>>> print(open('query_36.txt').read())   # compact mmCIF, C-alpha atoms
# COMPACT_ATOMS: atom_id res chain seq x y z
CA MET T 1 46.02 -25.66 20.68
CA THR T 2 45.93 -21.91 20.07
CA SER T 3 43.38 -20.26 17.83
CA ALA T 4 44.40 -18.40 14.70
CA PRO T 5 45.01 -14.67 15.22
CA THR T 6 42.12 -12.38 14.39
CA VAL T 7 42.47 -10.70 11.01
CA THR T 8 41.02 -7.21 10.71
CA ASP T 9 42.86 -5.57 7.80
CA LEU T 10 40.56 -5.63 4.79
CA PRO T 11 42.99 -6.70 2.01
CA THR T 12 44.04 -9.76 4.02
CA LEU T 13 40.42 -10.53 4.85
CA ARG T 14 39.49 -10.40 1.18
CA ASP T 15 42.41 -12.62 0.16
CA ARG T 16 41.61 -15.23 2.80
CA LEU T 17 37.89 -15.19 2.05
CA TRP T 18 38.65 -15.65 -1.66
CA ALA T 19 40.81 -18.67 -0.83
CA ALA T 20 38.08 -20.13 1.40
CA VAL T 21 35.13 -19.73 -0.96
CA THR T 22 37.01 -20.84 -4.08
CA GLY T 23 38.44 -23.71 -2.08
CA ARG T 24 34.87 -24.70 -1.14
CA ASP T 25 35.67 -24.43 2.58
CA GLU T 26 32.51 -23.02 4.13
CA TYR T 27 33.73 -23.42 7.71
CA ALA T 28 36.94 -21.50 7.04
CA ALA T 29 34.94 -18.72 5.36
CA ALA T 30 32.49 -18.47 8.27
CA ASP T 31 35.26 -18.60 10.88
CA LEU T 32 37.12 -15.82 9.10
CA VAL T 33 34.08 -13.54 9.05
CA MET T 34 33.08 -14.26 12.65
CA SER T 35 36.64 -13.66 13.81
CA ALA T 36 36.72 -10.32 12.02
CA LEU T 37 33.47 -9.29 13.72
CA ASP T 38 34.87 -10.37 17.08
CA GLY T 39 37.92 -8.25 16.33
CA GLY T 40 35.85 -5.13 15.85
CA VAL T 41 35.25 -4.98 12.11
CA THR T 42 31.68 -3.76 11.66
CA PRO T 43 29.12 -6.03 9.98
CA GLU T 44 28.48 -3.47 7.23
CA THR T 45 32.21 -3.31 6.48
CA VAL T 46 32.40 -7.08 6.25
CA LEU T 47 29.38 -7.18 3.94
CA LEU T 48 30.34 -4.37 1.57
CA ASP T 49 34.12 -4.16 1.75
CA VAL T 50 34.99 -7.85 2.08
CA ILE T 51 32.22 -10.16 0.87
CA ALA T 52 30.96 -7.94 -1.99
CA PRO T 53 34.41 -7.39 -3.60
CA VAL T 54 35.20 -11.09 -3.33
CA GLN T 55 31.90 -11.92 -5.01
CA SER T 56 32.67 -9.46 -7.80
CA GLU T 57 36.03 -11.14 -8.32
CA ILE T 58 34.29 -14.51 -8.51
CA GLY T 59 32.21 -13.20 -11.41
CA ARG T 60 35.29 -11.81 -13.17
CA ALA T 61 37.09 -15.11 -12.68
CA TRP T 62 34.25 -16.96 -14.40
CA GLU T 63 34.30 -14.49 -17.28
CA ALA T 64 38.07 -15.02 -17.64
CA ASP T 65 37.63 -18.82 -17.56
CA ARG T 66 39.53 -19.12 -14.29
CA LEU T 67 36.48 -20.67 -12.60
CA THR T 68 33.95 -23.06 -14.06
CA VAL T 69 30.22 -22.45 -13.75
CA ALA T 70 30.06 -25.10 -11.03
CA GLN T 71 32.94 -23.51 -9.11
CA GLU T 72 31.33 -20.08 -9.40
CA HIS T 73 28.02 -21.43 -8.11
CA ALA T 74 29.71 -23.24 -5.22
CA ALA T 75 31.63 -20.12 -4.17
CA THR T 76 28.51 -17.99 -4.38
CA ALA T 77 26.52 -20.47 -2.29
CA ILE T 78 29.17 -20.34 0.42
CA ALA T 79 29.12 -16.54 0.39
CA ASP T 80 25.34 -16.62 0.80
CA ARG T 81 25.57 -18.99 3.77
CA VAL T 82 28.26 -16.83 5.37
CA ILE T 83 25.97 -13.79 5.08
CA ALA T 84 23.21 -15.79 6.77
CA ALA T 85 25.58 -16.75 9.59
CA LEU T 86 26.73 -13.15 9.98
CA ALA T 87 23.13 -12.06 10.52
CA HIS T 88 23.06 -14.02 13.80
CA HIS T 89 26.27 -12.56 15.22
CA PRO T 90 25.80 -10.38 18.34
CA ALA T 91 27.23 -7.41 16.43
CA HIS T 92 24.24 -7.63 14.06
CA ARG T 93 21.66 -6.33 16.55
CA PRO T 94 20.52 -2.85 15.54
CA GLU T 95 17.71 -0.88 17.08
CA ARG T 96 14.72 -0.99 14.76
CA HIS T 97 12.60 1.97 13.68
CA ASP T 98 9.20 2.04 12.06
CA GLY T 99 10.31 2.16 8.43
CA ARG T 100 9.67 -0.90 6.27
CA ILE T 101 11.36 -1.72 2.96
CA THR T 102 10.74 -4.58 0.55
CA VAL T 103 13.84 -5.84 -1.28
CA ALA T 104 13.37 -8.11 -4.28
CA CYS T 105 14.93 -9.23 -7.54
CA VAL T 106 12.85 -8.70 -10.65
CA ASP T 107 11.22 -11.64 -12.39
CA ARG T 108 13.76 -14.06 -13.96
CA GLU T 109 16.68 -12.40 -12.17
CA TRP T 110 18.53 -15.14 -10.29
CA HIS T 111 21.60 -13.12 -9.21
CA VAL T 112 20.37 -12.61 -5.68
CA LEU T 113 23.51 -11.70 -3.72
CA PRO T 114 23.46 -7.92 -4.43
CA ALA T 115 19.87 -7.74 -3.16
CA ARG T 116 20.77 -9.91 -0.17
CA LEU T 117 23.62 -7.56 0.74
CA LEU T 118 21.32 -4.54 0.52
CA ALA T 119 18.72 -6.24 2.70
CA GLU T 120 21.34 -6.94 5.37
CA VAL T 121 22.68 -3.39 5.27
CA LEU T 122 19.19 -1.93 5.62
CA THR T 123 18.52 -4.28 8.54
CA LEU T 124 21.73 -3.12 10.19
CA ARG T 125 20.59 0.48 9.80
CA GLY T 126 17.32 -0.24 11.58
CA TRP T 127 14.83 -0.82 8.79
CA GLN T 128 12.25 -3.57 8.93
CA VAL T 129 13.12 -5.47 5.77
CA ASP T 130 11.04 -7.93 3.79
CA PHE T 131 13.60 -9.73 1.64
CA LEU T 132 11.77 -11.66 -1.10
CA GLY T 133 14.83 -13.13 -2.82
CA ALA T 134 15.39 -14.00 -6.47
CA GLN T 135 12.99 -14.09 -9.41
CA VAL T 136 9.93 -12.45 -7.87
CA PRO T 137 7.02 -12.35 -10.36
CA THR T 138 5.48 -8.91 -10.46
CA PRO T 139 1.94 -10.00 -9.44
CA HIS T 140 3.36 -11.66 -6.32
CA LEU T 141 5.45 -8.59 -5.53
CA VAL T 142 2.42 -6.30 -5.82
CA ALA T 143 0.31 -8.63 -3.69
CA HIS T 144 2.98 -8.53 -1.00
CA LEU T 145 3.14 -4.73 -1.10
CA HIS T 146 -0.62 -4.51 -0.67
CA HIS T 147 -0.35 -6.35 2.65
CA SER T 148 3.04 -5.23 3.99
CA GLY T 149 2.67 -1.47 4.13
CA ALA T 150 6.15 -0.94 2.73
CA ASP T 151 7.46 2.63 2.51
CA ALA T 152 9.38 1.72 -0.66
CA VAL T 153 10.55 -1.24 -2.70
CA ALA T 154 14.18 -1.78 -3.72
CA LEU T 155 14.32 -3.66 -7.02
CA SER T 156 17.52 -5.42 -8.01
CA SER T 157 18.61 -6.67 -11.41
CA SER T 158 22.08 -7.66 -12.58
CA ILE T 159 21.38 -8.71 -16.18
CA SER T 160 20.22 -6.19 -18.76
CA ALA T 161 18.00 -8.81 -20.38
CA ARG T 162 15.66 -8.39 -17.42
CA LEU T 163 14.97 -4.71 -18.07
CA PRO T 164 11.52 -5.27 -19.64
CA ALA T 165 10.52 -7.26 -16.54
CA ALA T 166 11.98 -4.51 -14.36
CA HIS T 167 9.89 -1.93 -16.21
CA THR T 168 6.73 -3.94 -15.59
CA ALA T 169 7.58 -4.20 -11.89
CA ILE T 170 8.39 -0.50 -11.57
CA THR T 171 5.12 0.69 -13.09
CA ALA T 172 3.07 -1.90 -11.17
CA CYS T 173 4.54 -0.88 -7.81
CA GLN T 174 4.06 2.79 -8.56
CA ALA T 175 0.47 2.16 -9.62
CA ILE T 176 -0.36 1.24 -6.01
CA GLY T 177 1.55 4.21 -4.61
CA VAL T 178 4.84 2.53 -3.64
CA PRO T 179 8.02 4.32 -4.79
CA VAL T 180 10.76 2.26 -6.43
CA LEU T 181 14.50 2.43 -5.85
CA ALA T 182 16.33 0.57 -8.64
CA GLY T 183 19.79 -0.90 -8.30
CA GLY T 184 22.11 -3.43 -9.87
CA ALA T 185 24.32 -3.68 -12.91
CA ALA T 186 21.38 -4.07 -15.31
CA PHE T 187 20.41 -0.42 -14.85
CA GLY T 188 23.78 0.81 -16.14
CA PRO T 189 26.80 2.22 -14.28
CA ASP T 190 25.18 5.66 -14.31
CA GLY T 191 21.58 4.52 -13.74
CA ARG T 192 20.47 5.51 -17.26
CA TYR T 193 18.06 2.59 -17.62
CA ALA T 194 16.52 3.20 -14.20
CA ARG T 195 15.71 6.74 -15.31
CA LEU T 196 14.51 5.56 -18.71
CA LEU T 197 12.10 3.09 -17.11
CA GLY T 198 10.73 5.67 -14.70
CA ALA T 199 12.12 4.46 -11.37
CA ASN T 200 11.72 6.99 -8.57
CA ALA T 201 15.37 6.65 -7.60
CA TRP T 202 18.55 4.78 -8.48
CA ALA T 203 21.56 3.89 -6.37
CA PRO T 204 24.97 2.62 -7.52
CA ASP T 205 25.60 0.60 -4.36
CA ALA T 206 24.09 -0.47 -1.06
CA ARG T 207 25.41 2.46 0.95
CA ALA T 208 23.98 4.96 -1.50
CA ALA T 209 20.68 3.07 -1.51
CA ALA T 210 20.49 3.13 2.28
CA ARG T 211 21.25 6.84 2.30
CA GLN T 212 18.53 7.64 -0.25
CA LEU T 213 15.96 5.57 1.60
CA ALA T 214 16.85 7.32 4.86
CA GLU T 215 16.37 10.70 3.20
CA GLY T 216 13.01 9.54 1.84
CA ILE T 217 11.77 8.82 -1.67
CA PRO T 218 8.54 10.64 -2.55
CA ALA T 219 5.56 8.45 -3.33
CA PRO T 220 4.46 8.38 -6.98
CA ASP T 221 1.59 10.57 -8.12
CA LEU T 222 -1.31 8.19 -8.69
CA ALA T 223 -3.22 10.86 -10.60
CA THR T 224 -0.90 10.65 -13.60
CA GLY T 225 -2.12 7.18 -14.65
CA ARG T 226 1.24 6.48 -16.29
CA LEU T 227 1.56 3.41 -18.53
CA GLU T 228 4.72 1.56 -19.58
CA VAL T 229 4.43 2.80 -23.13
CA ASP T 230 4.44 6.39 -21.85
CA ASP T 231 8.10 5.92 -20.86
CA LEU T 232 9.13 4.37 -24.18
CA PRO T 233 7.23 5.89 -27.12
CA HIS T 234 9.60 4.21 -29.59
CA LEU T 235 7.86 0.91 -28.81
CA MET T 236 5.01 2.08 -31.01
CA ASP T 237 6.94 0.82 -34.05
CA GLN T 238 6.43 -2.77 -32.78
CA GLU T 239 10.02 -3.84 -33.55
CA TYR T 240 10.59 -5.06 -29.99
CA THR T 241 7.31 -6.98 -29.92
CA LEU T 242 7.93 -8.65 -33.26
CA VAL T 243 11.50 -9.65 -32.40
CA ALA T 244 10.50 -10.96 -28.96
CA ARG T 245 7.67 -13.04 -30.41
CA SER T 246 9.86 -14.38 -33.23
CA ARG T 247 12.84 -15.30 -31.06
CA GLY T 248 12.72 -19.03 -31.79
CA ARG T 249 12.37 -18.52 -35.53
CA LEU T 250 15.19 -15.99 -35.59
CA VAL T 251 17.52 -18.32 -33.70
CA ARG T 252 16.77 -21.18 -36.10
CA GLY T 253 17.32 -18.88 -39.08
CA VAL T 254 20.71 -17.77 -37.79
CA LEU T 255 21.82 -21.35 -37.11
CA THR T 256 20.73 -22.45 -40.59
CA ARG T 257 22.67 -19.66 -42.25
CA LEU T 258 25.74 -20.32 -40.12
CA GLU T 259 25.92 -23.83 -41.59
CA THR T 260 26.88 -22.24 -44.92
CA ASP T 261 28.43 -18.91 -43.91
CA PHE T 262 30.67 -20.21 -41.10
CA PRO T 263 32.52 -23.31 -42.40
CA ALA T 264 34.11 -24.07 -39.03
CA MET T 265 30.67 -25.05 -37.74
CA ALA T 266 30.81 -28.22 -39.84
CA ARG T 267 33.43 -29.55 -37.43
CA TYR T 268 31.48 -28.70 -34.28
CA THR T 269 30.61 -31.48 -31.87
CA GLY T 270 27.12 -31.89 -30.47
CA PRO T 271 27.93 -29.95 -27.27
CA GLN T 272 29.59 -27.18 -29.31
CA ARG T 273 26.46 -26.84 -31.43
CA GLU T 274 24.33 -26.63 -28.29
CA ARG T 275 26.50 -23.85 -26.88
CA THR T 276 26.35 -22.02 -30.21
CA ALA T 277 22.56 -22.21 -30.17
CA GLU T 278 22.56 -20.85 -26.61
CA ASP T 279 24.86 -18.00 -27.63
CA VAL T 280 22.65 -17.10 -30.60
CA ALA T 281 19.56 -17.17 -28.36
CA HIS T 282 21.26 -14.73 -25.99
CA ILE T 283 22.18 -12.46 -28.91
CA VAL T 284 18.55 -12.36 -30.06
CA GLU T 285 17.36 -11.77 -26.49
CA PHE T 286 19.73 -8.84 -25.95
CA LEU T 287 18.82 -7.37 -29.32
CA GLY T 288 15.22 -7.41 -28.14
CA VAL T 289 16.14 -5.56 -24.94
CA ALA T 290 18.17 -3.04 -26.95
CA LEU T 291 15.05 -2.44 -29.04
CA TYR T 292 12.99 -2.11 -25.86
CA THR T 293 15.32 0.56 -24.48
CA ASP T 294 16.30 1.94 -27.91
CA SER T 295 19.92 1.66 -26.80
CA ASP T 296 22.72 0.94 -29.25
CA ASP T 297 25.13 0.94 -26.32
CA LEU T 298 23.35 -1.86 -24.50
CA PHE T 299 23.68 -4.32 -27.38
CA ALA T 300 27.20 -3.21 -28.34
CA ASP T 301 28.32 -3.67 -24.73
CA PHE T 302 26.80 -7.15 -24.66
CA ILE T 303 28.61 -8.16 -27.86
CA ALA T 304 31.87 -6.75 -26.47
CA TRP T 305 31.38 -8.73 -23.26
CA THR T 306 30.54 -11.88 -25.23
CA ALA T 307 33.66 -11.41 -27.36
CA GLY T 308 35.77 -11.26 -24.22
CA VAL T 309 34.16 -14.35 -22.72
CA LEU T 310 34.65 -16.29 -25.97
CA ALA T 311 38.28 -15.16 -26.26
CA ALA T 312 38.96 -16.37 -22.72
CA ARG T 313 37.68 -19.78 -23.84
CA ARG T 314 39.87 -19.71 -26.96
CA VAL T 315 36.94 -19.14 -29.32
CA PRO T 316 37.77 -16.40 -31.87
CA ALA T 317 35.69 -13.26 -31.45
CA ARG T 318 35.32 -13.06 -35.23
CA SER T 319 32.92 -16.02 -34.99
CA LEU T 320 30.29 -13.56 -33.75
CA ARG T 321 30.23 -11.60 -37.02
CA PRO T 322 28.45 -14.25 -39.16
CA ALA T 323 25.76 -14.61 -36.50
CA LEU T 324 25.16 -10.85 -36.46
CA ASP T 325 25.06 -10.75 -40.26
CA ALA T 326 22.59 -13.65 -40.38
CA LEU T 327 20.36 -11.96 -37.83
CA ASP T 328 20.46 -8.67 -39.74
CA ALA T 329 19.47 -10.48 -42.95
CA GLN T 330 16.27 -11.66 -41.28
CA LEU T 331 15.47 -8.18 -39.95
CA ARG T 332 16.07 -6.16 -43.10
CA ASP T 333 12.71 -4.40 -42.67
CA PHE T 334 13.48 -3.33 -39.10
CA PRO T 335 15.37 0.00 -39.22
CA ARG T 336 16.12 0.26 -35.50
CA ALA T 337 17.32 -3.35 -35.34
CA HIS T 338 19.58 -2.73 -38.34
CA ARG T 339 21.01 0.39 -36.69
CA ILE T 340 21.71 -1.45 -33.44
CA LEU T 341 23.27 -4.46 -35.20
CA ASP T 342 25.37 -2.21 -37.42
CA ARG T 343 26.86 -0.39 -34.44
CA ALA T 344 27.74 -3.69 -32.74
CA ARG T 345 29.34 -5.03 -35.93
CA ARG T 346 31.51 -1.95 -36.33
CA ASP T 347 32.72 -2.21 -32.75
CA LEU T 348 33.36 -5.93 -33.15
CA ASP T 349 35.33 -5.40 -36.36
CA GLU T 350 37.51 -2.81 -34.63
CA TYR T 351 38.18 -5.23 -31.79
CA VAL T 352 39.04 -8.12 -34.11
CA THR T 353 41.30 -5.91 -36.23
CA SER T 354 43.16 -4.33 -33.33
CA ALA T 355 43.27 -7.49 -31.19
CA ASP T 356 42.71 -5.25 -28.17
CA GLN T 357 40.71 -6.45 -25.22
CA PRO T 358 37.01 -5.60 -25.63
CA PRO T 359 35.84 -2.58 -23.66
CA GLY T 360 34.52 -3.28 -20.19
CA ALA T 361 30.82 -3.99 -20.33
CA THR T 362 28.11 -4.77 -17.82
CA VAL T 363 25.75 -7.50 -18.85
>>> encode(input="query_36.txt", output="structure tokens")
Amino acid sequence: MTSAPTVTDLPTLRDRLWAAVTGRDEYAAADLVMSALDGGVTPETVLLDVIAPVQSEIGRAWEADRLTVAQEHAATAIADRVIAALAHHPAHRPERHDGRITVACVDREWHVLPARLLAEVLTLRGWQVDFLGAQVPTPHLVAHLHHSGADAVALSSSISARLPAAHTAITACQAIGVPVLAGGAAFGPDGRYARLLGANAWAPDARAAARQLAEGIPAPDLATGRLEVDDLPHLMDQEYTLVARSRGRLVRGVLTRLETDFPAMARYTGPQRERTAEDVAHIVEFLGVALYTDSDDLFADFIAWTAGVLAARRVPARSLRPALDALDAQLRDFPRAHRILDRARRDLDEYVTSADQPPGATV
């Protein structure tokens, strides 16, 4: 019996890996990657030009309702195990230098694969890497940094809702003299939220992150005594704090009003009502983060993304408008919240009227 020919061209590798991970065939996925390494494809190329694009497509397939949540989780788990197997291949044996980097996801951030890919790339480039994984509470991260002697910490976050937690982590790390490199979709495609929250550096991808770390990121000035509120003076109006503390009440208020303002809800099944409550809770959460960052774009992008996800599941995007109206009615004394909600409603109305696809948005 002859073995399958080694595949080294990247488009074919990506197609075959997609078929393996979505087909829940871990052995085929691992064999494909190991064969590519044996054929001379570098580990970094496999990580960033094969596995990473396939993982991005998995996320897009879930958004488009081509994969279920369970299928997306299964495919992601296989990708993670393949990365672990790749780390033990003979090609993955770099010479180490003295630099040490901590890589971690911010608290409540469970999308770990981007951070995992960065950790592997840094290891390949010779760094000593402490990879702490998903959902690292800030006190535990700081305790680790006290004992590890890290030159820098790379913080990853994929969901914008985690930006307040990211801000806490950034300022806490800097308070003990450790510079922070921020990365991940949550910080915006241009890194605007990394800059807003005071990160020492931002990178759009793993290669750029590795390059910045190699060039060196200056340590923060401990003499400044910077606090979180120093980065975001608009928080003095307390709108974010009040919305965050009232999240449960706001969600209940929206659901109550929807019973009268959205007649279709009367026909909802129990599971449909549960999903509606979850959607409303996410809307309130993202409004809070938009208030935290004072970003109309952040909330409008989230509503656009949600409209696209709902449309893919044959739920009309116009169903979002009554929820936004009901939320605005409860926040009539919050001028920034009203401004943010009004922008999102205008964009949503344009989308519903034109029937165009919602603009691409990172959530």
>>> atom_distance(input="query_36.txt", atom1="atom CA of Ala219 of chain T", atom2="atom CA of Ala194 of chain T")
16.3 Å
>>> closest_residue(input="query_36.txt", among="T:Leu122, T:Leu47, T:Ala74, T:Leu298", to="Leu10 of chain T", atoms="only C-alpha atoms")
T:Leu47
>>> closest_atom_pairs(input="query_36.txt", of="segment 288-330 of chain T", to="segment 164-177 of chain T", cutoff="10 Å", atoms="only C-alpha atoms", output="JSON lines")
{"residue": "T:Gly288", "atom": "CA", "partner": "T:Pro164", "partner_atom": "CA", "distance": 9.5}
{"residue": "T:Val289", "atom": "CA", "partner": "T:Pro164", "partner_atom": "CA", "distance": 7.0}
{"residue": "T:Tyr292", "atom": "CA", "partner": "T:Pro164", "partner_atom": "CA", "distance": 7.1}
{"residue": "T:Thr293", "atom": "CA", "partner": "T:Pro164", "partner_atom": "CA", "distance": 8.5}
>>> residues_around(input="query_36.txt", residues="Leu310 of chain T", least_positions_apart="2", cutoff="12 Å", atoms="only C-alpha atoms", output="mmCIF file with C-alpha atoms, keeping the file's coordinate frame")
data_model
loop_
_atom_site.group_PDB
_atom_site.id
_atom_site.type_symbol
_atom_site.label_atom_id
_atom_site.label_comp_id
_atom_site.auth_asym_id
_atom_site.auth_seq_id
_atom_site.Cartn_x
_atom_site.Cartn_y
_atom_site.Cartn_z
ATOM 1 C CA TRP T 62 34.250 -16.960 -14.400
ATOM 2 C CA GLU T 63 34.300 -14.490 -17.280
ATOM 3 C CA ALA T 64 38.070 -15.020 -17.640
ATOM 4 C CA ASP T 65 37.630 -18.820 -17.560
ATOM 5 C CA ARG T 275 26.500 -23.850 -26.880
ATOM 6 C CA THR T 276 26.350 -22.020 -30.210
ATOM 7 C CA ASP T 279 24.860 -18.000 -27.630
ATOM 8 C CA ILE T 303 28.610 -8.160 -27.860
ATOM 9 C CA ALA T 304 31.870 -6.750 -26.470
ATOM 10 C CA TRP T 305 31.380 -8.730 -23.260
ATOM 11 C CA THR T 306 30.540 -11.880 -25.230
ATOM 12 C CA ALA T 307 33.660 -11.410 -27.360
ATOM 13 C CA GLY T 308 35.770 -11.260 -24.220
ATOM 14 C CA ALA T 312 38.960 -16.370 -22.720
ATOM 15 C CA ARG T 313 37.680 -19.780 -23.840
ATOM 16 C CA ARG T 314 39.870 -19.710 -26.960
ATOM 17 C CA VAL T 315 36.940 -19.140 -29.320
ATOM 18 C CA PRO T 316 37.770 -16.400 -31.870
ATOM 19 C CA ALA T 317 35.690 -13.260 -31.450
ATOM 20 C CA ARG T 318 35.320 -13.060 -35.230
ATOM 21 C CA SER T 319 32.920 -16.020 -34.990
ATOM 22 C CA LEU T 320 30.290 -13.560 -33.750
ATOM 23 C CA GLN T 357 40.710 -6.450 -25.220
ATOM 24 C CA PRO T 358 37.010 -5.600 -25.630
#
>>> residues_around(input="query_36.txt", residues="Thr241 of chain T", least_positions_apart="3", cutoff="12 Å", atoms="only C-alpha atoms", output="number ranges by chain")
T: 164, 234-238, 244-247, 285, 287-292, 334, 337
>>> write_last_selection(input="query_36.txt", atoms="C-alpha atoms", output="PDB file, in the frame of the given file")
ATOM      1  CA  PRO T 164      11.520  -5.270 -19.640  1.00  0.00           C
ATOM      2  CA  HIS T 234       9.600   4.210 -29.590  1.00  0.00           C
ATOM      3  CA  LEU T 235       7.860   0.910 -28.810  1.00  0.00           C
ATOM      4  CA  MET T 236       5.010   2.080 -31.010  1.00  0.00           C
ATOM      5  CA  ASP T 237       6.940   0.820 -34.050  1.00  0.00           C
ATOM      6  CA  GLN T 238       6.430  -2.770 -32.780  1.00  0.00           C
ATOM      7  CA  ALA T 244      10.500 -10.960 -28.960  1.00  0.00           C
ATOM      8  CA  ARG T 245       7.670 -13.040 -30.410  1.00  0.00           C
ATOM      9  CA  SER T 246       9.860 -14.380 -33.230  1.00  0.00           C
ATOM     10  CA  ARG T 247      12.840 -15.300 -31.060  1.00  0.00           C
ATOM     11  CA  GLU T 285      17.360 -11.770 -26.490  1.00  0.00           C
ATOM     12  CA  LEU T 287      18.820  -7.370 -29.320  1.00  0.00           C
ATOM     13  CA  GLY T 288      15.220  -7.410 -28.140  1.00  0.00           C
ATOM     14  CA  VAL T 289      16.140  -5.560 -24.940  1.00  0.00           C
ATOM     15  CA  ALA T 290      18.170  -3.040 -26.950  1.00  0.00           C
ATOM     16  CA  LEU T 291      15.050  -2.440 -29.040  1.00  0.00           C
ATOM     17  CA  TYR T 292      12.990  -2.110 -25.860  1.00  0.00           C
ATOM     18  CA  PHE T 334      13.480  -3.330 -39.100  1.00  0.00           C
ATOM     19  CA  ALA T 337      17.320  -3.350 -35.340  1.00  0.00           C
TER      20      ALA T 337
END
>>> closest_residue(input="query_36.txt", among="T:Ala36, T:Ala152, T:Leu118, T:Ile58", to="Ala208 of chain T", atoms="all atoms listed in the file")
T:Leu118
>>> closest_residue(input="query_36.txt", among="T:His147, T:Ser157, T:Val180, T:Leu86", to="Val106 of chain T", atoms="only C-alpha atoms")
T:Ser157
>>> residues_around(input="query_36.txt", residues="Ala203 of chain T", least_positions_apart="4", cutoff="7 Å", atoms="only C-alpha atoms", output="list of chain:residue names")
T:Ala182, T:Gly183, T:Ala208, T:Ala209
>>> closest_residue(input="query_36.txt", among="T:Arg162, T:Arg192, T:Arg336, T:His89", to="Tyr240 of chain T", atoms="all atoms listed in the file")
T:Arg336
>>> atom_distance(input="query_36.txt", atom1="atom CA of Arg267 of chain T", atom2="atom CA of Ala323 of chain T")
16.8 Å
>>> atom_distance(input="query_36.txt", atom1="atom CA of Ser160 of chain T", atom2="atom CA of Ala185 of chain T")
7.6 Å
>>> closest_residue(input="query_36.txt", among="T:Ala161, T:Ile101, T:Val21, T:Ile83", to="Arg125 of chain T", atoms="only C-alpha atoms")
T:Ile101
>>> closest_residue(input="query_36.txt", among="T:Ala30, T:Cys105, T:Met265, T:Ala91", to="Pro137 of chain T", atoms="all atoms listed in the file")
T:Cys105
>>> residues_around(input="query_36.txt", residues="Ala29 of chain T", least_positions_apart="6", cutoff="7 Å", atoms="all atoms listed in the file", output="compact mmCIF listing (two decimals) with C-alpha atoms, in the coordinates of the input")
# COMPACT_ATOMS: atom_id res chain seq x y z
CA LEU T 17 37.89 -15.19 2.05
CA ALA T 20 38.08 -20.13 1.40
CA VAL T 21 35.13 -19.73 -0.96
CA VAL T 82 28.26 -16.83 5.37
>>> residues_around(input="query_36.txt", residues="Glu95 of chain T", least_positions_apart="4", cutoff="9 Å", atoms="only C-alpha atoms", output="list in words")
Leu124, Arg125, Gly126 and Trp127 of chain T
>>> residues_near_point(input="query_36.txt", point="(34.8, -6.4, -36.9)", cutoff="12 Å", atoms="all atoms listed in the file", output="number ranges by chain")
T: 300, 303-304, 307, 316-322, 324-325, 341-356, 358
>>> closest_atom_pairs(input="query_36.txt", of="segment 57-159 of chain T", to="segment 196-200 of chain T", cutoff="12 Å", atoms="only C-alpha atoms", output="CSV")
residue,atom,partner,partner_atom,distance
T:Ala152,CA,T:Asn200,CA,9.8
T:Val153,CA,T:Asn200,CA,10.2
T:Ala154,CA,T:Ala199,CA,10.1
T:Leu155,CA,T:Ala199,CA,9.5
T:Ser156,CA,T:Ala199,CA,11.8
>>> build_atoms(input="query_36.txt", residues="segment 316-323 of chain T", atoms="N, CA, C and O atoms", output="mmCIF file, in the coordinates of the input")
data_model
loop_
_atom_site.group_PDB
_atom_site.id
_atom_site.type_symbol
_atom_site.label_atom_id
_atom_site.label_comp_id
_atom_site.auth_asym_id
_atom_site.auth_seq_id
_atom_site.Cartn_x
_atom_site.Cartn_y
_atom_site.Cartn_z
ATOM 1 N N PRO T 316 37.490 -17.707 -31.253
ATOM 2 C CA PRO T 316 37.770 -16.400 -31.870
ATOM 3 C C PRO T 316 36.560 -15.487 -31.871
ATOM 4 O O PRO T 316 35.444 -15.901 -32.197
ATOM 5 N N ALA T 317 36.782 -14.230 -31.496
ATOM 6 C CA ALA T 317 35.690 -13.260 -31.450
ATOM 7 C C ALA T 317 35.078 -13.047 -32.823
ATOM 8 O O ALA T 317 33.893 -12.700 -32.925
ATOM 9 N N ARG T 318 35.863 -13.264 -33.888
ATOM 10 C CA ARG T 318 35.320 -13.060 -35.230
ATOM 11 C C ARG T 318 34.174 -14.015 -35.550
ATOM 12 O O ARG T 318 33.403 -13.789 -36.487
ATOM 13 N N SER T 319 34.018 -15.082 -34.757
ATOM 14 C CA SER T 319 32.920 -16.020 -34.990
ATOM 15 C C SER T 319 31.567 -15.385 -34.717
ATOM 16 O O SER T 319 30.533 -15.910 -35.148
ATOM 17 N N LEU T 320 31.552 -14.254 -34.021
ATOM 18 C CA LEU T 320 30.290 -13.560 -33.750
ATOM 19 C C LEU T 320 29.764 -12.845 -34.994
ATOM 20 O O LEU T 320 28.550 -12.658 -35.138
ATOM 21 N N ARG T 321 30.655 -12.423 -35.881
ATOM 22 C CA ARG T 321 30.230 -11.600 -37.020
ATOM 23 C C ARG T 321 29.230 -12.330 -37.929
ATOM 24 O O ARG T 321 28.199 -11.736 -38.302
ATOM 25 N N PRO T 322 29.459 -13.586 -38.315
ATOM 26 C CA PRO T 322 28.450 -14.250 -39.160
ATOM 27 C C PRO T 322 27.085 -14.355 -38.502
ATOM 28 O O PRO T 322 26.053 -14.258 -39.192
ATOM 29 N N ALA T 323 27.050 -14.533 -37.197
ATOM 30 C CA ALA T 323 25.760 -14.610 -36.500
ATOM 31 C C ALA T 323 25.036 -13.269 -36.560
ATOM 32 O O ALA T 323 23.815 -13.209 -36.795
#
